[in-house]
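K.L.:
Before anything else, here's the structure in question.
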Amino acid sequence: MAMRGRGAVVGVGELKPTRETPGETTLSLMAKAGLAAIDDAGLSFSDIDGMVCHPIGGVSMLTPSTVSELMGLKLNFAEVVDLGGATGAGMIWRAVAAIEAGMCQAVVCITGSSRRPRTPRAGGAKTAGGWSMPDRSAFSEFEVPYGNVGANVGYAMIANRYLHEYGATPEQLAKVAVHQRDNANQNPDAIFYGQPITVDDVLSSPMIADPLHMLEIVMPAGGAAALVVVGPELAQKLPNRPAWLLGAGEQVTHKTITYAPSLTDTAIQASARRAFDQAGVNPAQIGLASVYDCYTITVLLTLEDSGFTPKGTGGRFIEEHDMRWNGDFPVNTHGGQLSFGQPGIAGGMSHVTEAVRQIQGRAGARQVPDLELAFVNGNGGILSEQVSLIFGTER
Amino acid sequence: MAAKTTSDPTVRPAPHPTDLTAAFWAATTEGRFLIQRCTRCNAAIFYPRVNCTECGSTELVDEDASGRGTVYTFTVARRPTHRAWAETGPYVIAIVELAEGPHVTTNIVECDPDDVRIGMPVEVCFAPEADGVALPLFRPTG
């Protein structure tokens with residue numbers, strides 16, 4: 001019960017994702033989202049004494065002090081989290097732990113990414129892997145020479161192995177993208193708001209890396225998202241309903257999927273199990289699954305490995321359930337990153353902001369009725385870093 | 001016309017060995033595929049590590065692998081993942097399970113991409129690269 005009731009998210013700040021962010025830097029977007037979250041929490045700027053951020057392109061080191069200096073924050077706790085798509089979720093339990101340890105009282109967790117138009121494949125030209133610094137890790141020697149670069153081909157290999165071992169139909173996987181798009185059509189901040197799609201649209205979109213179609217693949221965007229985390233005493237004094245953190249789990253084993261212990265039994269099993277154990281609840285009690293969705297296969301694997309359905313039954317589970325905001329098993333009610341957009345690390349954070357808004361009863365047209373418990377999963381790299389969280393309306 | 005260099009984005013990025021991987025890459029130029037064997041727990045390890053990833057022992061010895069394996073999983077990259085592949089057309093990125101156990105990232109060659117299947121038997125072959133290394137690729141067992 002380590003995390004249960006030790007802290008809550010009380011403020012949300014999130015910028016609408018856009019394809020390009022002219023005139024903005026990642027740092028300026030992060031500052032705007034951070035300020036919005038502090039304001040939403042009903043706190044003043046000087047109440048914030050903790051900040052968590054993530055690595056920022058072009059800022060080679062000393063990232064937390066770069067952000068605190070820009071914003072004028074005076075911090076008792078300054079942290080950087082580097083867990084890819086799991087970063088946002090990983091920030092939340094670290095913030096609660098820091099508060100619980102007596103290091104600070106109010107932590108703003110900030111994610112963001114600017115985006116400017118790039119020529120196709122520009123990233124590949126610089127050095128191995130497209131990074132501007134020479135990479136002397138195994139990645140540059142044993143992956144890049146084979147073109148095993150970027151996430152598409154890694155998830156495609158995961159999907160093919162899953163289909164070989166357990167099977168699922170293209171229509172089942174496509175339904176994830178379709179229902180999430182239906183959810184996005186209730187969210188004016190989603191990048192694909194107002195653009196419904198069908199299963200046929202998904203399956204007739206171009207094949208990018210077998211078996212992944214274009215509409216099963218997340219679209220990069222720019223944007224930012226921030227959350228404010230406080231301890232129990234402060235949470236109960238603030239205007240918003242607290243979204244209590246009830247449980248958290250984390251698991252990291254590999255970077256490149258080739259060296260993962262398994263392609264189909266993922267690290268999500270361990271992270272989710274810990275989160276559920278800490279919360280003292282089970283998957284059947286969860287009213288919203290807000291889970292990382294870089295690809296449709298990611299959602300299927302996450303639903304299985306978090307315990308919502310047994311291993312090998314994910315395709316059938318998807319077919320049998322309505323994953324829309326008003327359905328029997330709501331998934332990614334903001335549209336997921338597939339339809340909300342993926343503004344860098346803030347894309348992973350969007351699963352946390354949506355769970356918090358839903359628990360707070362502030363999700364507007366897409367509000368899940370009578371919601372009490374929400375499950376969040378953050379996923380970094382190629383099913384590498386995993387962080388699971390459970391939020392509840394009651395401490 | 002000058003030969004293409006490694007700074008040319010159309011050239012496949014070659015591996016640059018470190019002290020840890022020098023023996024592996026040197027062996028590739030002799031047509032050998034090395035793995036490591038843990039002398040304590042007998043685990044077979046790829047790529048070269050400082051310690052056994054199963055038991056933590058640093059007592060690892062190099063061993064010639066059979067060069068045979070099966071396709072564990074793969075994808076056909078219909079869009080280039082890197083400029084070096086911009087003009088090649090679809091290509092196969094795969095994870096091969098070596099007969100000795102370890103998984104290896106590679107390309108499947110000498111085979112139509114649409115004919116690759118999970119479980120297909122494959123064997124290593126080597127493509128000479130610049131800088132004194134040869135890149136291990138895999139082809140269907142003949």
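Chain labels A, B, ... are given in the sequence in which chains occur in the structure tokens; within each chain residues are numbered consecutively from 1, and ligands are likewise numbered from 1 in the order shown.
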Just asking: which residues within region 63-179 of chain A are helix (DSSP H, G or I) according to DSSP, as a PDB file with N, CA and C atoms, in the first residue's frame?

P.N.:
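Here's the written file states-v6.pdb:
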ATOM      1  N   THR A  63      19.285  20.264 -16.868  1.00  0.00           N
ATOM      2  CA  THR A  63      17.965  20.604 -17.385  1.00  0.00           C
ATOM      3  C   THR A  63      17.032  21.204 -16.320  1.00  0.00           C
ATOM      4  N   PRO A  64      16.935  20.615 -15.115  1.00  0.00           N
ATOM      5  CA  PRO A  64      16.008  21.218 -14.135  1.00  0.00           C
ATOM      6  C   PRO A  64      16.333  22.672 -13.809  1.00  0.00           C
ATOM      7  N   SER A  65      17.614  22.998 -13.700  1.00  0.00           N
ATOM      8  CA  SER A  65      17.935  24.398 -13.374  1.00  0.00           C
ATOM      9  C   SER A  65      17.670  25.313 -14.562  1.00  0.00           C
ATOM     10  N   THR A  66      17.762  24.773 -15.777  1.00  0.00           N
ATOM     11  CA  THR A  66      17.425  25.560 -16.964  1.00  0.00           C
ATOM     12  C   THR A  66      15.949  25.952 -16.932  1.00  0.00           C
ATOM     13  N   VAL A  67      15.101  24.995 -16.538  1.00  0.00           N
ATOM     14  CA  VAL A  67      13.662  25.262 -16.472  1.00  0.00           C
ATOM     15  C   VAL A  67      13.341  26.181 -15.288  1.00  0.00           C
ATOM     16  N   SER A  68      13.952  25.929 -14.124  1.00  0.00           N
ATOM     17  CA  SER A  68      13.633  26.744 -12.941  1.00  0.00           C
ATOM     18  C   SER A  68      14.069  28.191 -13.158  1.00  0.00           C
ATOM     19  N   GLU A  69      15.205  28.368 -13.820  1.00  0.00           N
ATOM     20  CA  GLU A  69      15.683  29.737 -14.093  1.00  0.00           C
ATOM     21  C   GLU A  69      14.729  30.458 -15.045  1.00  0.00           C
ATOM     22  N   LEU A  70      14.296  29.739 -16.087  1.00  0.00           N
ATOM     23  CA  LEU A  70      13.372  30.339 -17.052  1.00  0.00           C
ATOM     24  C   LEU A  70      12.073  30.770 -16.375  1.00  0.00           C
ATOM     25  N   MET A  71      11.554  29.896 -15.510  1.00  0.00           N
ATOM     26  CA  MET A  71      10.255  30.165 -14.893  1.00  0.00           C
ATOM     27  C   MET A  71      10.374  30.984 -13.614  1.00  0.00           C
ATOM     28  N   GLY A  84      11.274   8.031 -21.629  1.00  0.00           N
ATOM     29  CA  GLY A  84      10.539   8.073 -22.892  1.00  0.00           C
ATOM     30  C   GLY A  84       9.062   8.324 -22.653  1.00  0.00           C
ATOM     31  N   GLY A  85       8.223   7.527 -23.294  1.00  0.00           N
ATOM     32  CA  GLY A  85       6.783   7.699 -23.170  1.00  0.00           C
ATOM     33  C   GLY A  85       6.239   7.433 -21.782  1.00  0.00           C
ATOM     34  N   ALA A  86       7.035   6.812 -20.920  1.00  0.00           N
ATOM     35  CA  ALA A  86       6.608   6.567 -19.533  1.00  0.00           C
ATOM     36  C   ALA A  86       7.022   7.707 -18.610  1.00  0.00           C
ATOM     37  N   THR A  87       7.668   8.720 -19.162  1.00  0.00           N
ATOM     38  CA  THR A  87       8.194   9.807 -18.345  1.00  0.00           C
ATOM     39  C   THR A  87       7.105  10.502 -17.529  1.00  0.00           C
ATOM     40  N   GLY A  88       6.007  10.868 -18.172  1.00  0.00           N
ATOM     41  CA  GLY A  88       4.943  11.600 -17.477  1.00  0.00           C
ATOM     42  C   GLY A  88       4.425  10.819 -16.281  1.00  0.00           C
ATOM     43  N   ALA A  89       4.134   9.542 -16.494  1.00  0.00           N
ATOM     44  CA  ALA A  89       3.649   8.712 -15.389  1.00  0.00           C
ATOM     45  C   ALA A  89       4.740   8.557 -14.326  1.00  0.00           C
ATOM     46  N   GLY A  90       5.988   8.406 -14.778  1.00  0.00           N
ATOM     47  CA  GLY A  90       7.092   8.257 -13.832  1.00  0.00           C
ATOM     48  C   GLY A  90       7.300   9.497 -12.980  1.00  0.00           C
ATOM     49  N   MET A  91       6.952  10.654 -13.522  1.00  0.00           N
ATOM     50  CA  MET A  91       7.090  11.900 -12.752  1.00  0.00           C
ATOM     51  C   MET A  91       6.157  11.914 -11.546  1.00  0.00           C
ATOM     52  N   ILE A  92       4.946  11.376 -11.735  1.00  0.00           N
ATOM     53  CA  ILE A  92       3.904  11.542 -10.722  1.00  0.00           C
ATOM     54  C   ILE A  92       4.281  10.820  -9.428  1.00  0.00           C
ATOM     55  N   TRP A  93       4.704   9.548  -9.530  1.00  0.00           N
ATOM     56  CA  TRP A  93       5.001   8.848  -8.278  1.00  0.00           C
ATOM     57  C   TRP A  93       6.272   9.394  -7.639  1.00  0.00           C
ATOM     58  N   ARG A  94       7.204   9.883  -8.462  1.00  0.00           N
ATOM     59  CA  ARG A  94       8.408  10.487  -7.876  1.00  0.00           C
ATOM     60  C   ARG A  94       8.054  11.763  -7.120  1.00  0.00           C
ATOM     61  N   ALA A  95       7.118  12.524  -7.654  1.00  0.00           N
ATOM     62  CA  ALA A  95       6.691  13.746  -6.970  1.00  0.00           C
ATOM     63  C   ALA A  95       6.044  13.402  -5.626  1.00  0.00           C
ATOM     64  N   VAL A  96       5.180  12.384  -5.637  1.00  0.00           N
ATOM     65  CA  VAL A  96       4.543  11.972  -4.377  1.00  0.00           C
ATOM     66  C   VAL A  96       5.601  11.482  -3.387  1.00  0.00           C
ATOM     67  N   ALA A  97       6.566  10.720  -3.872  1.00  0.00           N
ATOM     68  CA  ALA A  97       7.617  10.205  -2.981  1.00  0.00           C
ATOM     69  C   ALA A  97       8.421  11.347  -2.370  1.00  0.00           C
ATOM     70  N   ALA A  98       8.708  12.370  -3.165  1.00  0.00           N
ATOM     71  CA  ALA A  98       9.483  13.500  -2.652  1.00  0.00           C
ATOM     72  C   ALA A  98       8.698  14.269  -1.592  1.00  0.00           C
ATOM     73  N   ILE A  99       7.399  14.410  -1.817  1.00  0.00           N
ATOM     74  CA  ILE A  99       6.540  15.085  -0.829  1.00  0.00           C
ATOM     75  C   ILE A  99       6.475  14.239   0.445  1.00  0.00           C
ATOM     76  N   GLU A 100       6.271  12.943   0.261  1.00  0.00           N
ATOM     77  CA  GLU A 100       6.181  12.023   1.407  1.00  0.00           C
ATOM     78  C   GLU A 100       7.476  12.023   2.217  1.00  0.00           C
ATOM     79  N   ALA A 122      15.186  13.485 -42.459  1.00  0.00           N
ATOM     80  CA  ALA A 122      16.327  14.340 -42.165  1.00  0.00           C
ATOM     81  C   ALA A 122      17.122  13.798 -40.991  1.00  0.00           C
ATOM     82  N   GLY A 123      16.423  13.157 -40.080  1.00  0.00           N
ATOM     83  CA  GLY A 123      17.083  12.644 -38.881  1.00  0.00           C
ATOM     84  C   GLY A 123      18.125  11.595 -39.187  1.00  0.00           C
ATOM     85  N   GLY A 124      18.014  10.919 -40.299  1.00  0.00           N
ATOM     86  CA  GLY A 124      18.927   9.822 -40.564  1.00  0.00           C
ATOM     87  C   GLY A 124      20.281  10.255 -41.074  1.00  0.00           C
ATOM     88  N   ALA A 128      25.039   7.861 -37.058  1.00  0.00           N
ATOM     89  CA  ALA A 128      24.294   6.652 -36.795  1.00  0.00           C
ATOM     90  C   ALA A 128      23.131   6.951 -35.869  1.00  0.00           C
ATOM     91  N   GLY A 129      21.938   6.553 -36.281  1.00  0.00           N
ATOM     92  CA  GLY A 129      20.764   6.748 -35.451  1.00  0.00           C
ATOM     93  C   GLY A 129      20.177   8.126 -35.602  1.00  0.00           C
ATOM     94  N   GLY A 130      20.832   9.008 -36.326  1.00  0.00           N
ATOM     95  CA  GLY A 130      20.300  10.337 -36.518  1.00  0.00           C
ATOM     96  C   GLY A 130      20.601  11.278 -35.366  1.00  0.00           C
ATOM     97  N   ALA A 138      25.491   0.065 -27.673  1.00  0.00           N
ATOM     98  CA  ALA A 138      25.304  -1.060 -28.587  1.00  0.00           C
ATOM     99  C   ALA A 138      24.367  -0.718 -29.735  1.00  0.00           C
ATOM    100  N   PHE A 139      23.471   0.219 -29.513  1.00  0.00           N
ATOM    101  CA  PHE A 139      22.499   0.594 -30.530  1.00  0.00           C
ATOM    102  C   PHE A 139      23.169   0.958 -31.856  1.00  0.00           C
ATOM    103  N   SER A 140      24.256   1.737 -31.788  1.00  0.00           N
ATOM    104  CA  SER A 140      24.894   2.197 -33.021  1.00  0.00           C
ATOM    105  C   SER A 140      25.608   1.072 -33.754  1.00  0.00           C
ATOM    106  N   GLU A 141      26.011   0.027 -33.024  1.00  0.00           N
ATOM    107  CA  GLU A 141      26.751  -1.070 -33.653  1.00  0.00           C
ATOM    108  C   GLU A 141      25.852  -2.203 -34.123  1.00  0.00           C
ATOM    109  N   PHE A 142      24.798  -2.479 -33.377  1.00  0.00           N
ATOM    110  CA  PHE A 142      24.049  -3.709 -33.629  1.00  0.00           C
ATOM    111  C   PHE A 142      22.613  -3.472 -34.094  1.00  0.00           C
ATOM    112  N   VAL A 144      21.574   0.124 -35.821  1.00  0.00           N
ATOM    113  CA  VAL A 144      21.561   1.116 -36.901  1.00  0.00           C
ATOM    114  C   VAL A 144      22.058   0.539 -38.232  1.00  0.00           C
ATOM    115  N   PRO A 145      23.117  -0.297 -38.245  1.00  0.00           N
ATOM    116  CA  PRO A 145      23.565  -0.818 -39.546  1.00  0.00           C
ATOM    117  C   PRO A 145      22.512  -1.656 -40.271  1.00  0.00           C
ATOM    118  N   TYR A 146      21.484  -2.082 -39.560  1.00  0.00           N
ATOM    119  CA  TYR A 146      20.422  -2.871 -40.189  1.00  0.00           C
ATOM    120  C   TYR A 146      19.170  -2.042 -40.480  1.00  0.00           C
ATOM    121  N   ALA A 151      10.695   3.787 -34.111  1.00  0.00           N
ATOM    122  CA  ALA A 151       9.814   2.870 -33.389  1.00  0.00           C
ATOM    123  C   ALA A 151       8.986   1.978 -34.314  1.00  0.00           C
ATOM    124  N   ASN A 152       8.687   2.431 -35.533  1.00  0.00           N
ATOM    125  CA  ASN A 152       7.752   1.674 -36.379  1.00  0.00           C
ATOM    126  C   ASN A 152       8.171   0.218 -36.559  1.00  0.00           C
ATOM    127  N   VAL A 153       9.431   0.012 -36.925  1.00  0.00           N
ATOM    128  CA  VAL A 153       9.843  -1.360 -37.250  1.00  0.00           C
ATOM    129  C   VAL A 153       9.913  -2.232 -35.998  1.00  0.00           C
ATOM    130  N   GLY A 154      10.273  -1.637 -34.866  1.00  0.00           N
ATOM    131  CA  GLY A 154      10.298  -2.398 -33.614  1.00  0.00           C
ATOM    132  C   GLY A 154       8.913  -2.892 -33.231  1.00  0.00           C
ATOM    133  N   TYR A 155       7.938  -1.985 -33.268  1.00  0.00           N
ATOM    134  CA  TYR A 155       6.564  -2.400 -32.921  1.00  0.00           C
ATOM    135  C   TYR A 155       5.985  -3.330 -33.983  1.00  0.00           C
ATOM    136  N   ALA A 156       6.405  -3.163 -35.221  1.00  0.00           N
ATOM    137  CA  ALA A 156       5.946  -4.078 -36.272  1.00  0.00           C
ATOM    138  C   ALA A 156       6.432  -5.497 -35.983  1.00  0.00           C
ATOM    139  N   MET A 157       7.675  -5.621 -35.523  1.00  0.00           N
ATOM    140  CA  MET A 157       8.199  -6.955 -35.199  1.00  0.00           C
ATOM    141  C   MET A 157       7.484  -7.546 -33.989  1.00  0.00           C
ATOM    142  N   ILE A 158       7.150  -6.697 -33.022  1.00  0.00           N
ATOM    143  CA  ILE A 158       6.365  -7.160 -31.869  1.00  0.00           C
ATOM    144  C   ILE A 158       5.002  -7.661 -32.340  1.00  0.00           C
ATOM    145  N   ALA A 159       4.361  -6.866 -33.202  1.00  0.00           N
ATOM    146  CA  ALA A 159       3.028  -7.234 -33.679  1.00  0.00           C
ATOM    147  C   ALA A 159       3.072  -8.553 -34.437  1.00  0.00           C
ATOM    148  N   ASN A 160       4.058  -8.719 -35.315  1.00  0.00           N
ATOM    149  CA  ASN A 160       4.139  -9.967 -36.081  1.00  0.00           C
ATOM    150  C   ASN A 160       4.352 -11.174 -35.174  1.00  0.00           C
ATOM    151  N   ARG A 161       5.191 -11.006 -34.144  1.00  0.00           N
ATOM    152  CA  ARG A 161       5.414 -12.127 -33.221  1.00  0.00           C
ATOM    153  C   ARG A 161       4.128 -12.448 -32.450  1.00  0.00           C
ATOM    154  N   TYR A 162       3.417 -11.382 -32.021  1.00  0.00           N
ATOM    155  CA  TYR A 162       2.161 -11.611 -31.296  1.00  0.00           C
ATOM    156  C   TYR A 162       1.155 -12.348 -32.189  1.00  0.00           C
ATOM    157  N   LEU A 163       1.040 -11.895 -33.420  1.00  0.00           N
ATOM    158  CA  LEU A 163       0.080 -12.519 -34.333  1.00  0.00           C
ATOM    159  C   LEU A 163       0.445 -13.980 -34.591  1.00  0.00           C
ATOM    160  N   HIS A 164       1.761 -14.263 -34.626  1.00  0.00           N
ATOM    161  CA  HIS A 164       2.229 -15.632 -34.823  1.00  0.00           C
ATOM    162  C   HIS A 164       1.881 -16.513 -33.619  1.00  0.00           C
ATOM    163  N   GLU A 165       2.081 -15.966 -32.409  1.00  0.00           N
ATOM    164  CA  GLU A 165       1.889 -16.781 -31.206  1.00  0.00           C
ATOM    165  C   GLU A 165       0.412 -16.915 -30.827  1.00  0.00           C
ATOM    166  N   PRO A 170      -6.827  -8.150 -38.298  1.00  0.00           N
ATOM    167  CA  PRO A 170      -6.567  -6.735 -38.616  1.00  0.00           C
ATOM    168  C   PRO A 170      -7.731  -5.845 -38.201  1.00  0.00           C
ATOM    169  N   GLU A 171      -8.964  -6.380 -38.318  1.00  0.00           N
ATOM    170  CA  GLU A 171     -10.148  -5.594 -37.953  1.00  0.00           C
ATOM    171  C   GLU A 171     -10.174  -5.311 -36.448  1.00  0.00           C
ATOM    172  N   GLN A 172      -9.780  -6.298 -35.649  1.00  0.00           N
ATOM    173  CA  GLN A 172      -9.743  -6.091 -34.191  1.00  0.00           C
ATOM    174  C   GLN A 172      -8.757  -4.982 -33.835  1.00  0.00           C
ATOM    175  N   LEU A 173      -7.580  -5.031 -34.415  1.00  0.00           N
ATOM    176  CA  LEU A 173      -6.584  -3.994 -34.120  1.00  0.00           C
ATOM    177  C   LEU A 173      -7.048  -2.627 -34.626  1.00  0.00           C
ATOM    178  N   ALA A 174      -7.647  -2.613 -35.799  1.00  0.00           N
ATOM    179  CA  ALA A 174      -8.109  -1.337 -36.367  1.00  0.00           C
ATOM    180  C   ALA A 174      -9.184  -0.698 -35.498  1.00  0.00           C
ATOM    181  N   LYS A 175      -9.982  -1.531 -34.807  1.00  0.00           N
ATOM    182  CA  LYS A 175     -11.068  -0.998 -33.979  1.00  0.00           C
ATOM    183  C   LYS A 175     -10.525  -0.081 -32.878  1.00  0.00           C
ATOM    184  N   VAL A 176      -9.316  -0.362 -32.407  1.00  0.00           N
ATOM    185  CA  VAL A 176      -8.700   0.511 -31.395  1.00  0.00           C
ATOM    186  C   VAL A 176      -8.592   1.931 -31.950  1.00  0.00           C
ATOM    187  N   ALA A 177      -8.070   2.043 -33.156  1.00  0.00           N
ATOM    188  CA  ALA A 177      -7.894   3.369 -33.763  1.00  0.00           C
ATOM    189  C   ALA A 177      -9.251   4.038 -34.019  1.00  0.00           C
ATOM    190  N   VAL A 178     -10.247   3.252 -34.419  1.00  0.00           N
ATOM    191  CA  VAL A 178     -11.563   3.818 -34.753  1.00  0.00           C
ATOM    192  C   VAL A 178     -12.268   4.333 -33.495  1.00  0.00           C
ATOM    193  N   HIS A 179     -12.291   3.542 -32.439  1.00  0.00           N
ATOM    194  CA  HIS A 179     -12.984   3.986 -31.224  1.00  0.00           C
ATOM    195  C   HIS A 179     -12.264   5.164 -30.566  1.00  0.00           C
TER     196      HIS A 179
END

K.L.:
Check region 39-127 of chain B with DSSP on the backbone and list each residue it calls strand (DSSP E or B), as number ranges by chain.

P.N.:
B: 44-45, 60-64, 68-77, 91-98, 103-108, 121-127

K.L.:
For Val104 (chain B), find every residue with an atom within 8 Å (counting only C-alpha atoms), except residues of its own chain fewer than 6 positions away, and show them as an NGL selection string.

P.N.:
(:A and (258)) or (:B and (46-47 or 95-98))

K.L.:
Convert the current residue selection to file output with N, CA and C atoms, as a compact mmCIF listing (two decimals), in the first residue's frame.

P.N.:
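The file below, selection.txt, is the result:
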# COMPACT_ATOMS: atom_id res chain seq x y z
N THR A 258 15.02 -6.46 -29.39
CA THR A 258 15.75 -7.70 -29.66
C THR A 258 16.22 -8.35 -28.36
N PHE B 46 24.74 -12.52 -26.56
CA PHE B 46 24.97 -11.62 -27.68
C PHE B 46 24.18 -10.36 -27.38
N TYR B 47 24.75 -9.21 -27.65
CA TYR B 47 26.01 -8.75 -28.14
C TYR B 47 27.06 -8.74 -27.04
N ILE B 95 14.54 -10.19 -36.26
CA ILE B 95 15.24 -10.74 -35.10
C ILE B 95 15.40 -12.23 -35.37
N VAL B 96 16.67 -12.68 -35.40
CA VAL B 96 16.95 -14.10 -35.60
C VAL B 96 17.30 -14.72 -34.25
N GLU B 97 16.70 -15.87 -33.97
CA GLU B 97 17.08 -16.64 -32.78
C GLU B 97 18.18 -17.61 -33.18
N LEU B 98 19.39 -17.39 -32.67
CA LEU B 98 20.50 -18.27 -32.99
C LEU B 98 20.25 -19.67 -32.41

K.L.:
Would you mind telling me which residue in A:Lys74, A:Arg395, A:Arg366, A:His254 lies nearest to chain B when using only C-alpha atoms?

P.N.:
A:His254

K.L.:
Go through A:Tyr193, A:Tyr259, A:Phe45, A:Phe317 one by one, measure the shortest atom-to-atom distance of each to chain B using only C-alpha atoms, and give the residue with the smallest value.

P.N.:
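Of A:Tyr193, A:Tyr259, A:Phe45, A:Phe317, the one nearest chain B, counting only C-alpha atoms, is A:Tyr259.
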
K.L.:
Rank nothing, just name the residue among A:Tyr295, A:Met51, A:Ala78, A:Ala209 nearest to chain B, using only C-alpha atoms.

P.N.:
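The closest residue to chain B is A:Ala209.
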
K.L.:
Residues near region 32-44 of chain B, anyone? I mean within 12 Å using only C-alpha atoms, not counting same-chain ones fewer than 4 positions away, as a CSV table (one decimal) with C-alpha atoms, in the first residue's frame.

P.N.:
chain,number,residue,atom,x,y,z
B,20,LEU,CA,34.4,-4.4,-25.8
B,21,THR,CA,33.3,-5.3,-29.3
B,22,ALA,CA,36.6,-5.4,-31.2
B,23,ALA,CA,37.0,-9.2,-31.1
B,24,PHE,CA,33.4,-9.7,-32.4
B,25,TRP,CA,34.0,-7.4,-35.4
B,26,ALA,CA,37.5,-8.7,-36.1
B,27,ALA,CA,36.0,-12.2,-36.4
B,28,THR,CA,33.4,-11.1,-38.9
B,48,PRO,CA,29.4,-8.5,-26.3
B,49,ARG,CA,28.9,-7.6,-22.7
B,50,VAL,CA,31.0,-6.8,-19.6
B,51,ASN,CA,29.2,-9.3,-17.5
B,52,CYS,CA,26.8,-12.2,-17.9
B,53,THR,CA,23.3,-10.9,-18.3
B,54,GLU,CA,21.9,-14.0,-16.6
B,55,CYS,CA,24.1,-14.3,-13.5
B,56,GLY,CA,26.3,-11.3,-13.4
B,57,SER,CA,29.6,-13.1,-13.7
B,58,THR,CA,32.4,-11.4,-15.5
B,59,GLU,CA,34.0,-14.7,-16.6
B,60,LEU,CA,32.9,-14.7,-20.2
B,61,VAL,CA,34.8,-16.4,-23.1
B,62,ASP,CA,34.3,-16.0,-26.8
B,63,GLU,CA,32.9,-18.9,-28.7
B,64,ASP,CA,32.2,-19.5,-32.4
B,65,ALA,CA,28.5,-19.7,-33.0
B,66,SER,CA,27.1,-22.1,-35.5
B,67,GLY,CA,25.8,-19.2,-37.6
B,68,ARG,CA,22.4,-21.0,-37.9
B,97,GLU,CA,17.1,-16.6,-32.8
B,98,LEU,CA,20.5,-18.3,-33.0
B,99,ALA,CA,20.7,-22.0,-32.5
B,100,GLU,CA,22.7,-21.2,-29.3
B,101,GLY,CA,19.7,-19.1,-28.0
B,102,PRO,CA,20.6,-15.4,-28.2
B,103,HIS,CA,18.5,-13.0,-30.4
B,104,VAL,CA,20.2,-10.9,-33.0
B,123,GLU,CA,22.2,-18.9,-41.8
B,124,VAL,CA,24.7,-16.1,-41.4
B,125,CYS,CA,26.5,-14.5,-44.4
B,126,PHE,CA,28.8,-11.5,-44.3
B,133,VAL,CA,34.4,-5.0,-40.4
B,134,ALA,CA,31.9,-7.3,-42.1
B,135,LEU,CA,28.2,-7.0,-41.4
B,136,PRO,CA,26.5,-10.3,-40.4
B,137,LEU,CA,23.3,-10.8,-42.5
B,138,PHE,CA,21.1,-13.9,-42.7
